[in-house]
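Participant: Handing you a structure now.
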Amino acid sequence: MKQIPVKADIEAQETFKTEILEPLVEQAQAGTIHLFFVDAAHFVMLPFLGYLYSLTVRFIKAASGRQRFSVLGALNAITKEVVTITDHGYINAISVCALLKKLHDSFQKLPIVVIMDNARYQRCAIVEETAEKFGIRIVFLPAYSPNLNLIERLWKFVKKKALYNQYYARYEQFHEAISNCLHQTSTTYKQDLDTLLVAKFQSFKNATIQP
């Protein structure tokens with residue numbers, strides 16, 4: 001069963017998907033633009049439990065801290081390369097501007113388009129001015145549309161590979177495990193991600209909502 005965000009505008013999502021998102025993906029596949037999906041993930045050093053079937057009770061060590069490792073990522077829709085800005089606290093508008101500059105400096109041969117949600121630190125004057133300065137086009141998703149942001153699948157993959165059922169005694173081990181996983185998206189994990197991160201998006205147009 002799939003969950004639909006309660007405030008999602010299904011018609012707006014469908015219009016965005018067919019009229020904006022899918023044409024952009026086609027342009028990226030044709031090699032006429034660089035297309036990136038942008039989002040932030042905030043990893044807190046707490047237990048990440050996966051699934052374990054056992055006939056006996058098992059105890060798993062868990063970190064007691066609340067340290068946070070935040071990653072602002074831009075996922076290339078075609079190559080699966082991930083460009084990141086990281087912080088041991090919170091992501092803000094300055095972080096987004098730094099990411100835009102990093103994209104501009106690294107991908108200059110083709111126009112750059114970034115797709116991101118409506119978080120306040122992303123949809124603000126300083127970010128839009130920075131994007132204009134670097135010639136980057138920002139496309140904002142409809143509200144409450146994580147299903148249309150490809151990078152959301154990547155965050156789930158990172159948790160599964162680096163965090164589920166893992167115990168890290170020190171914060172340095174915790175954030176290094178996440179960083180190492182992200183650094184291997186276009187190499188070690190590319191085959192897995194080529195299947196997971198196919199640029200096709202679920203439509204809720206025909207979904208049945210159960211009470």
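Residues are referred to by chain and number: the chain letter is A, B, ... according to the order shown in the structure tokens, the number counts from 1 in that chain, and ligands are numbered separately from 1 in the order shown.
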Please run DSSP on the backbone and report, as a VMD selection string, all residues within chain A that come out as strand (DSSP E).

Facilitator: chain A and resid 34 to 44 68 to 76 82 to 87 112 to 116 136 to 140

Participant: For stretch 31-42 of chain A, list every protein, DNA or RNA residue within 7 Å, evaluated using only C-alpha atoms, and leave out those in the same chain fewer than 3 positions away; present the list as number ranges by chain.

Facilitator: A: 27-28, 68-77, 110-116, 149-151, 155

Participant: Could you tell me, as a PDB file with C-alpha atoms, in the first residue's frame, which residues of chain A DSSP assigns to helix (DSSP H, G or I) when given the backbone?

Facilitator:
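Contents of selection31.pdb, as written:
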ATOM      1  CA  ILE A  10      -2.973  15.109  -7.259  1.00  0.00           C
ATOM      2  CA  GLU A  11      -4.066  17.042 -10.337  1.00  0.00           C
ATOM      3  CA  ALA A  12      -1.208  19.535  -9.941  1.00  0.00           C
ATOM      4  CA  GLN A  13       1.240  16.650  -9.607  1.00  0.00           C
ATOM      5  CA  GLU A  14      -0.049  14.975 -12.749  1.00  0.00           C
ATOM      6  CA  THR A  15       0.142  18.209 -14.757  1.00  0.00           C
ATOM      7  CA  PHE A  16       3.673  18.894 -13.505  1.00  0.00           C
ATOM      8  CA  LYS A  17       4.773  15.345 -14.295  1.00  0.00           C
ATOM      9  CA  THR A  18       3.497  15.281 -17.877  1.00  0.00           C
ATOM     10  CA  GLU A  19       4.060  18.896 -18.917  1.00  0.00           C
ATOM     11  CA  ILE A  20       7.317  19.779 -17.134  1.00  0.00           C
ATOM     12  CA  LEU A  21       9.113  16.857 -15.507  1.00  0.00           C
ATOM     13  CA  GLU A  22       8.956  14.242 -18.261  1.00  0.00           C
ATOM     14  CA  PRO A  23      10.041  16.695 -21.015  1.00  0.00           C
ATOM     15  CA  LEU A  24      13.033  17.714 -18.869  1.00  0.00           C
ATOM     16  CA  VAL A  25      14.011  14.074 -18.399  1.00  0.00           C
ATOM     17  CA  GLU A  26      13.813  13.573 -22.177  1.00  0.00           C
ATOM     18  CA  GLN A  27      16.112  16.572 -22.721  1.00  0.00           C
ATOM     19  CA  ALA A  28      18.610  15.177 -20.219  1.00  0.00           C
ATOM     20  CA  GLN A  29      18.514  11.764 -21.882  1.00  0.00           C
ATOM     21  CA  ALA A  93      19.993  29.041   2.044  1.00  0.00           C
ATOM     22  CA  ILE A  94      23.758  29.595   2.097  1.00  0.00           C
ATOM     23  CA  SER A  95      24.209  25.829   1.718  1.00  0.00           C
ATOM     24  CA  VAL A  96      21.923  25.836  -1.322  1.00  0.00           C
ATOM     25  CA  CYS A  97      23.865  28.711  -2.889  1.00  0.00           C
ATOM     26  CA  ALA A  98      27.115  26.803  -2.305  1.00  0.00           C
ATOM     27  CA  LEU A  99      25.627  23.769  -4.046  1.00  0.00           C
ATOM     28  CA  LEU A 100      24.537  25.861  -7.035  1.00  0.00           C
ATOM     29  CA  LYS A 101      28.052  27.276  -7.342  1.00  0.00           C
ATOM     30  CA  LYS A 102      29.518  23.780  -7.156  1.00  0.00           C
ATOM     31  CA  LEU A 103      27.214  22.622  -9.955  1.00  0.00           C
ATOM     32  CA  HIS A 104      28.100  25.668 -12.058  1.00  0.00           C
ATOM     33  CA  ASP A 105      31.837  25.089 -11.596  1.00  0.00           C
ATOM     34  CA  SER A 106      31.627  21.367 -12.396  1.00  0.00           C
ATOM     35  CA  ALA A 125      15.430  35.499  -2.922  1.00  0.00           C
ATOM     36  CA  ILE A 126      19.115  34.737  -2.268  1.00  0.00           C
ATOM     37  CA  VAL A 127      18.853  31.275  -3.839  1.00  0.00           C
ATOM     38  CA  GLU A 128      16.938  32.494  -6.884  1.00  0.00           C
ATOM     39  CA  GLU A 129      19.401  35.376  -7.365  1.00  0.00           C
ATOM     40  CA  THR A 130      22.346  32.977  -7.126  1.00  0.00           C
ATOM     41  CA  ALA A 131      20.769  30.642  -9.665  1.00  0.00           C
ATOM     42  CA  GLU A 132      20.228  33.545 -12.050  1.00  0.00           C
ATOM     43  CA  LYS A 133      23.844  34.665 -11.569  1.00  0.00           C
ATOM     44  CA  PRO A 146       8.298  13.775  -2.634  1.00  0.00           C
ATOM     45  CA  ASN A 147       7.212  11.084  -5.103  1.00  0.00           C
ATOM     46  CA  LEU A 148       8.352  13.365  -7.932  1.00  0.00           C
ATOM     47  CA  ILE A 151      16.732  11.878  -4.919  1.00  0.00           C
ATOM     48  CA  GLU A 152      14.240  10.771  -2.249  1.00  0.00           C
ATOM     49  CA  ARG A 153      14.873   7.183  -3.392  1.00  0.00           C
ATOM     50  CA  LEU A 154      18.602   7.725  -2.936  1.00  0.00           C
ATOM     51  CA  TRP A 155      18.197   8.722   0.713  1.00  0.00           C
ATOM     52  CA  LYS A 156      16.333   5.472   1.392  1.00  0.00           C
ATOM     53  CA  PHE A 157      19.115   3.540  -0.357  1.00  0.00           C
ATOM     54  CA  VAL A 158      21.799   5.230   1.758  1.00  0.00           C
ATOM     55  CA  LYS A 159      19.964   4.391   4.980  1.00  0.00           C
ATOM     56  CA  LYS A 160      19.650   0.757   3.897  1.00  0.00           C
ATOM     57  CA  LYS A 161      23.306   0.397   2.890  1.00  0.00           C
ATOM     58  CA  ALA A 162      25.024   2.478   5.557  1.00  0.00           C
ATOM     59  CA  LEU A 163      22.728   2.665   8.575  1.00  0.00           C
ATOM     60  CA  TYR A 171      30.004  10.129  15.366  1.00  0.00           C
ATOM     61  CA  GLU A 172      32.981  10.190  12.981  1.00  0.00           C
ATOM     62  CA  GLN A 173      32.226   6.586  11.985  1.00  0.00           C
ATOM     63  CA  PHE A 174      28.565   7.466  11.511  1.00  0.00           C
ATOM     64  CA  HIS A 175      29.033  10.355   9.099  1.00  0.00           C
ATOM     65  CA  GLU A 176      31.927   8.671   7.272  1.00  0.00           C
ATOM     66  CA  ALA A 177      29.719   5.663   6.509  1.00  0.00           C
ATOM     67  CA  ILE A 178      27.116   7.958   4.950  1.00  0.00           C
ATOM     68  CA  SER A 179      29.713   9.925   2.984  1.00  0.00           C
ATOM     69  CA  ASN A 180      31.418   6.777   1.696  1.00  0.00           C
ATOM     70  CA  CYS A 181      28.106   5.428   0.455  1.00  0.00           C
ATOM     71  CA  LEU A 182      27.333   8.661  -1.378  1.00  0.00           C
ATOM     72  CA  HIS A 183      30.794   8.759  -2.946  1.00  0.00           C
ATOM     73  CA  LYS A 190      25.798   2.379 -10.025  1.00  0.00           C
ATOM     74  CA  GLN A 191      24.258  -0.884 -11.192  1.00  0.00           C
ATOM     75  CA  ASP A 192      21.883  -0.985  -8.219  1.00  0.00           C
ATOM     76  CA  LEU A 193      20.974   2.667  -8.645  1.00  0.00           C
ATOM     77  CA  ASP A 194      20.465   2.401 -12.399  1.00  0.00           C
ATOM     78  CA  THR A 195      17.503   0.179 -11.545  1.00  0.00           C
ATOM     79  CA  LEU A 196      16.298   2.061  -8.471  1.00  0.00           C
TER      80      LEU A 196
END

Participant: Residues at most 8 Å from A:Asn118, counting only C-alpha atoms, excluding those fewer than 5 positions away in the same chain, as a VMD selection string?

Facilitator: chain A and resid 123 140 to 143

Participant: Go ahead and save the residues from that selection, with C-alpha atoms, as a PDB file, in the first residue's frame.

Facilitator:
ATOM      1  CA  ARG A 123      12.554  29.059  -2.331  1.00  0.00           C
ATOM      2  CA  PHE A 140      10.080  23.954  -8.058  1.00  0.00           C
ATOM      3  CA  LEU A 141       7.990  20.870  -7.420  1.00  0.00           C
ATOM      4  CA  PRO A 142       4.306  21.109  -6.550  1.00  0.00           C
ATOM      5  CA  ALA A 143       3.789  21.211  -2.786  1.00  0.00           C
TER       6      ALA A 143
END
